[in-house]
Structure formats: structure tokens, C-alpha cells
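The structure under discussion appears below in the form of C-alpha cells.
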Amino acid sequence: MTAFENKANNGATHLSGYQIMWMLVTFDLPVETKKQRKAATKFREFLLDIGFEMSQLSNYLRYCNGKEQFESYVRQIEQALPEWGDIYIFQFTDRQYENIVRFSDQARKKRRKNPKQLALF
Amino acid sequence: MDRIVDISTDGLYLSVYRGFLVISSEDGELGRIALDDIGGLIVHAHGVTWSNQVFVRLAERNVPVVLCAPNHAPVSVVWPLEGHHIQGARLRAQLAASKILQKRIWQKVIVAKIRLQGKVLHANGKEGGGFWTLARKVRSGDPDNIEAQAARRYWKQLFGPDFARDQDAGGVNALLNYGYTVLRAIVSRAVCAAGLHPTMGIFHSNRANTFALADDLMEIYRPLVDQLVLNLLAGGVDEVTPEAKHALTSIATFDLESGPGLSPLSVQVSRLVHSVVTSFETGKATLELPALPSPLELSSLGRLVEEDDAP
């Protein structure tokens with residue numbers, strides 16, 4: 001591979017050159033008492049505030065543009081942990097994200113699309 | 001990834017929900033984008049309504065909101081008052097910058113721009129050699145207005161003898177307007193995030209222009225937009241279509257080489273702005289400029305994947 005091919009400007013690899021990664025936060029928080037429910041809601045809302053989108057109940061997804069940003073989000077989450085419950089943080093590459101297989105009502109859904117540089121409305 | 005959000009459909013409503021900018025129409029929500037990921041918000045649709053929160057929350061993140069006329073030329077930028085934690089000190093350094101220093105910085109900006117113009121001409125098989133000589137002639141503060149001399153030759157060569165740069169015209173000019181708007185948003189954000197005041201330009205200050213510093217510094221990168229527009233024209237796109245917009249916003253991720261290595265334009269711009277801050281503070285004009293891209297890289301500008309990228 002030449003130096004040029006390595007570069008992200010090269011047509012199709014335009015964005016993947018930036019090592020976009022995805023992080024998935026899944027959690028299992030107890031909601032038995034009022035206090036626990038409140039803590040769980042607060043944590044969920046915190047994830048929304050820092051730009052995580054709910055992909056399913058208790059599954060929140062966000063892309064980040066590299067390892068550093070991933071670490072930064074992990075630290076932010078660590079600061080905001082609820083008092084009880086389990087939280088897992090997964091990370092996967094853009095490539096793996098593209099290959100997510102998704103079924104919905106017995107039908108296979110089209111694969112997810114990566115976010116684009118331009119959001120046009 | 002700094003995402004550029006472009007609002008060009010009429011009658012949309014923009015609001016904020018938790019960490020997201022929410023775009024809705026009468027039929028309900030169209031989409032949401034994490035506020036932290038937005039690099040610039042460009043609005044040129046009529047009848048768009050806002051919640052005040054949109055401006056407040058974007059300002060907190062130094063995201064410029066660019067309001068455009070129908071010709072894609074920006075008419076206003078909503079600018080945060082406070083962009084940096086030591087903004088006061090930086091502002092003072094900026095205000096205290098001597099005329100000599102400002103002229104030196106302007107000289108470097110213009111030299112870089114003219115060289116890149118030459119490079120773009122060369123990459124497109126035009127006579128660009130003279131631009132190196134022109135660049136050498138630029139003196140501190142560009143008193144001979146070499147910039148204008150270069151521009152006269154540049155436009156004619158690039159888009160033909162009949163071409164005139166016109167803010168209000170359509171076609172090529174509208175494409176250029178749109179590209180510059182994206183570039184202006186990127187540079188504006190960097191200027192603001194570095195705690196500098198956008199109105200206090202180094203050269204454009206003598207023009208009636210509120211965003212003088214951003215306009216000064218974006219000069220360096222303008223020829224990249226020109227090249228991108230050329231590539232679009234070569235691909236048969238001569239209007240500001242959604243496809244063209246996608247290509248034009250990709251300018252933010254165009255990789256450029258500089259001292260610390262290869263990084264996308266938006267990062268390069270931040271570096272440049274920081275070097276301007278350092279120049280103000282030390283009194284020495286040392287700008288961190290990107291290396292000139294090769295013809296091959298220039299011709300790849302804006303070439304995105306098709307099937308996936310259709311809006």
C-alpha cells in the first residue's frame with residue numbers, strides 16, 4: 001500500500017480513515033424502589049445528554065472518532081455511575097458496526113447506515 | 001467527526017432534547033444529532049422556526065450557527081460570547097498585537113493562499129508556475145495587493161475567461177458560496193474555541209465585516225474549495241444539489257500534511273488558529289500551515305462513495 005492509498009481522502013475510505021469506533025453501553029439497573037428507579041432514570045438521561053442514542057431499552061449507542069474519545073466517554077460514565085446495577089461498555093469498529101445483523105418482527109432489516117459528515121434536512 | 005448540519009427544507013422546527021438537536025416537521029421528528037458532534041449549523045431555508053435553547057446549547061459548544069441567503073452566501077453568524085477559559089487574556093493579546101505583527105501574519109496567509117492557488121492550477125493542467133513568483137513578491141501586509149493580482153489571473157485560468165466571481169449568481173458561484181460557507185463555519189468555530197475575537201481581523205478589519213478574523217484565516221484554504229467545485233463540475237454537477245452539498249462538506253475531513261503529521265482540515269484549522277494565538281502572545285508571526293497537497297490528492301477531493309451516500 002502506498003502512502004497515498006493510506007490516506008483517508010481516497011474515495012470510498014474517506015471517513016473510515018478516522019477510525020470511527022462505536023461504543024455500546026448496556027446496563028441492568030434495579031428498579032424496585034423509588035430511589036432505584038430515580039437513579040436508573042438519571043443515568044439514562046445522562047447518557048442521552050452526552051449524545052448516546054437508545055438502540056433498545058437499556059442499550060445505548062454512540063460513535064466516537066477514536067480511542068481517545070472512547071476513553072473520555074468511559075471516564076464521563078464512570079463519574080455518573082448509579083449506586084446499584086451492572087453496566088457494560090462495548091467497543092467495536094466502524095467495520096463491525098456496518099455488519100450488524102438486525103431482525104425485527106421476523107424480518108431482516110437493512111443494515112445500519114453510518115452517520116454522514118453532512119446531515120441534510 | 002465534526003458534522004455539518006444543513007437545513008434547507010422549508011418550514012422545519014429545530015429544538016433541543018437532552019444532548020441532541022432535534023429536527024422536526026409537521027409530520028413529526030425527522031432526525032436528531034448529538035450536540036457534541038456538530039461542527040457547524042448552516043440554515044438557508046425559509047420559515048424555519050427555532051427554540052432559543054438551540055442557540056444557547058450550541059453556543060456552549062462553540063458551534064457557529066450560520067444563517068444564509070438563498071444564494072448560499074452567509075448573512076449572519078450567531079457567535080458565542082465566551083469560547084475559551086482564558087478568553088480574557090487571549091483577547092488582550094489579540095488587541096495588543098502590533099500592526100507590524102498583523103501585517104506579517106497577513107503576509108504569511110497570502111503567501112500560503114497564492115501557493116495553493118498555483119498548486120490547484122498546476123493540478124488542473126493550467127499555468128501555475130507564475131504563482132510561485134507572485135508568492136515571493138508578497139511583502140509584509142501585502143501593500144502591493146499581490147493577492148488581487150493573483151486572483152485576477154487565477155479565476156480566469158480556472159473557470160475560463162468569461163468567469164466572474166459573483167456572490168449572487170447561480171451555478172459555479174453558488175457552489176463556491178456553499179463551499180466557502182462550510183469553510184467559514186469550520187474556521188469560525190476554531191477561532192471562537194481558541195478565545196479570539198472574530199471581529200478583530202488582521203486584514204479584513206478595514207472592511208465592513210463582522211467575521212473578519214475567520215475570513216482572514218480561511219483565505220488559506222479557499223483554493224481547496226475551488227478544486228472541489230472543479231471536481232464537481234467535471235462530474236457534471238453544476239448546481240447546489242444535495243449530492244453537491246455532501247461533496248462540499250467533505251472538505252472538513254480532507255487530509256492535509258503538516259508538522260505533526262496527517263490530519264483532517266478541521267484539525268488543521270484549529271492548529272492554525274492556535275499558532276495565531278501563539279503569534280499574538282509572543283509577538284512573532286509563526287503560523288502552522290499545511291503542506292501543499294499533491295495533484296492526485298487534489299483531484300480526489302470530494303469524491304465520495306455513491307450508493308451509500310445518497311441522502
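Note on naming: chains are A, B, ... as they come in the C-alpha cells, residues start from 1 per chain, ligands start from 1 in the order shown.
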Closest pair table for chain B residues within 8 Å of chain A, only C-alpha atoms, as a Markdown table:
| residue | atom | partner | partner_atom | distance |
| --- | --- | --- | --- | --- |
| B:Met1 | CA | A:Asn65 | CA | 5.9 |
| B:Asp2 | CA | A:Gln117 | CA | 7.2 |
| B:Arg3 | CA | A:Gln117 | CA | 4.9 |
| B:Ile4 | CA | A:Leu118 | CA | 4.9 |
| B:Val5 | CA | A:Ala119 | CA | 4.7 |
| B:Asp6 | CA | A:Leu120 | CA | 4.9 |
| B:Ile7 | CA | A:Phe121 | CA | 4.9 |
| B:Ser8 | CA | A:Phe121 | CA | 6.0 |
| B:Thr9 | CA | A:Phe121 | CA | 6.0 |
| B:Arg18 | CA | A:Asp49 | CA | 4.9 |
| B:Gly19 | CA | A:Asp49 | CA | 3.8 |
| B:Phe20 | CA | A:Gly51 | CA | 6.4 |
| B:Ile23 | CA | A:Phe121 | CA | 7.8 |
| B:Leu30 | CA | A:Phe121 | CA | 7.9 |
| B:Ile33 | CA | A:Gly51 | CA | 7.9 |
| B:Ala34 | CA | A:Gly51 | CA | 4.7 |
| B:Leu35 | CA | A:Gly51 | CA | 7.0 |
| B:Asp36 | CA | A:Gly51 | CA | 6.9 |
| B:Pro242 | CA | A:Leu120 | CA | 7.6 |
| B:Lys245 | CA | A:Leu118 | CA | 7.8 |
| B:His246 | CA | A:Leu118 | CA | 5.9 |
| B:Thr249 | CA | A:Leu118 | CA | 6.2 |
| B:Ser250 | CA | A:Gln117 | CA | 6.6 |
| B:Thr253 | CA | A:Leu15 | CA | 7.5 |
| B:Phe254 | CA | A:Asn9 | CA | 5.8 |
| B:Asp255 | CA | A:Asn9 | CA | 6.2 |
| B:Glu297 | CA | A:Asn9 | CA | 7.1 |
| B:Ser300 | CA | A:Asn10 | CA | 6.5 |
| B:Leu301 | CA | A:Asn9 | CA | 6.8 |
| B:Gly302 | CA | A:Gly11 | CA | 7.9 |
| B:Arg303 | CA | A:Gly11 | CA | 5.3 |
| B:Leu304 | CA | A:Gly11 | CA | 5.3 |
| B:Val305 | CA | A:Ala12 | CA | 5.0 |
| B:Asp308 | CA | A:Lys113 | CA | 7.9 |
| B:Asp309 | CA | A:Lys116 | CA | 7.7 |
| B:Pro311 | CA | A:Leu120 | CA | 7.5 |
**Report entry** Within 8 Å of Leu158 in chain B using only C-alpha atoms, minus same-chain residues under 2 positions, as a list in words
**Finding:**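 So the residues in contact are Leu121, Lys126, Tyr154, Trp155, Lys156 and Gly160 of chain B.
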Atoms to include: N, CA and C atoms. Write the selected residues as an mmCIF file, in the first residue's frame.
data_model
loop_
_atom_site.group_PDB
_atom_site.id
_atom_site.type_symbol
_atom_site.label_atom_id
_atom_site.label_comp_id
_atom_site.auth_asym_id
_atom_site.auth_seq_id
_atom_site.Cartn_x
_atom_site.Cartn_y
_atom_site.Cartn_z
ATOM 1 N N LEU B 121 -3.988 25.271 -9.879
ATOM 2 C CA LEU B 121 -3.895 25.485 -11.320
ATOM 3 C C LEU B 121 -3.047 24.390 -11.950
ATOM 4 N N LYS B 126 -3.130 23.767 -15.756
ATOM 5 C CA LYS B 126 -3.042 25.177 -16.148
ATOM 6 C C LYS B 126 -1.672 25.721 -15.736
ATOM 7 N N TYR B 154 -6.006 33.942 -11.563
ATOM 8 C CA TYR B 154 -6.456 32.633 -11.082
ATOM 9 C C TYR B 154 -7.848 32.282 -11.594
ATOM 10 N N TRP B 155 -8.814 33.173 -11.385
ATOM 11 C CA TRP B 155 -10.195 32.863 -11.779
ATOM 12 C C TRP B 155 -10.327 32.644 -13.265
ATOM 13 N N LYS B 156 -9.662 33.499 -14.040
ATOM 14 C CA LYS B 156 -9.765 33.378 -15.498
ATOM 15 C C LYS B 156 -9.210 32.029 -15.954
ATOM 16 N N GLY B 160 -12.255 29.768 -16.912
ATOM 17 C CA GLY B 160 -12.422 30.349 -18.231
ATOM 18 C C GLY B 160 -12.456 31.853 -18.206
#
Report task. Pick out the residues sitting within 10 Å of Arg104 in chain B, and hand them over as a ChimeraX atom specification; count only C-alpha atoms, and ignore anything fewer than 3 positions along from it in its own chain. Result -> /B:98-101,107-110,139-142,202,284-286
Report task. Rank B:Ile251, B:Leu116, B:Val276, B:Leu41 by their smallest atom-to-atom distance to Leu292 in chain B, using only C-alpha atoms, and report the top residue only. Result ->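 Smallest separation from Leu292 in chain B among the options: B:Leu116.
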Requested in this report: Considering only C-alpha atoms, return as a count of residues only whatever protein or nucleic-acid residues lie within 10 Å of Leu91 in chain B, sequence-local ones (same chain, fewer than 2 positions apart) excluded.
Outcome: 16
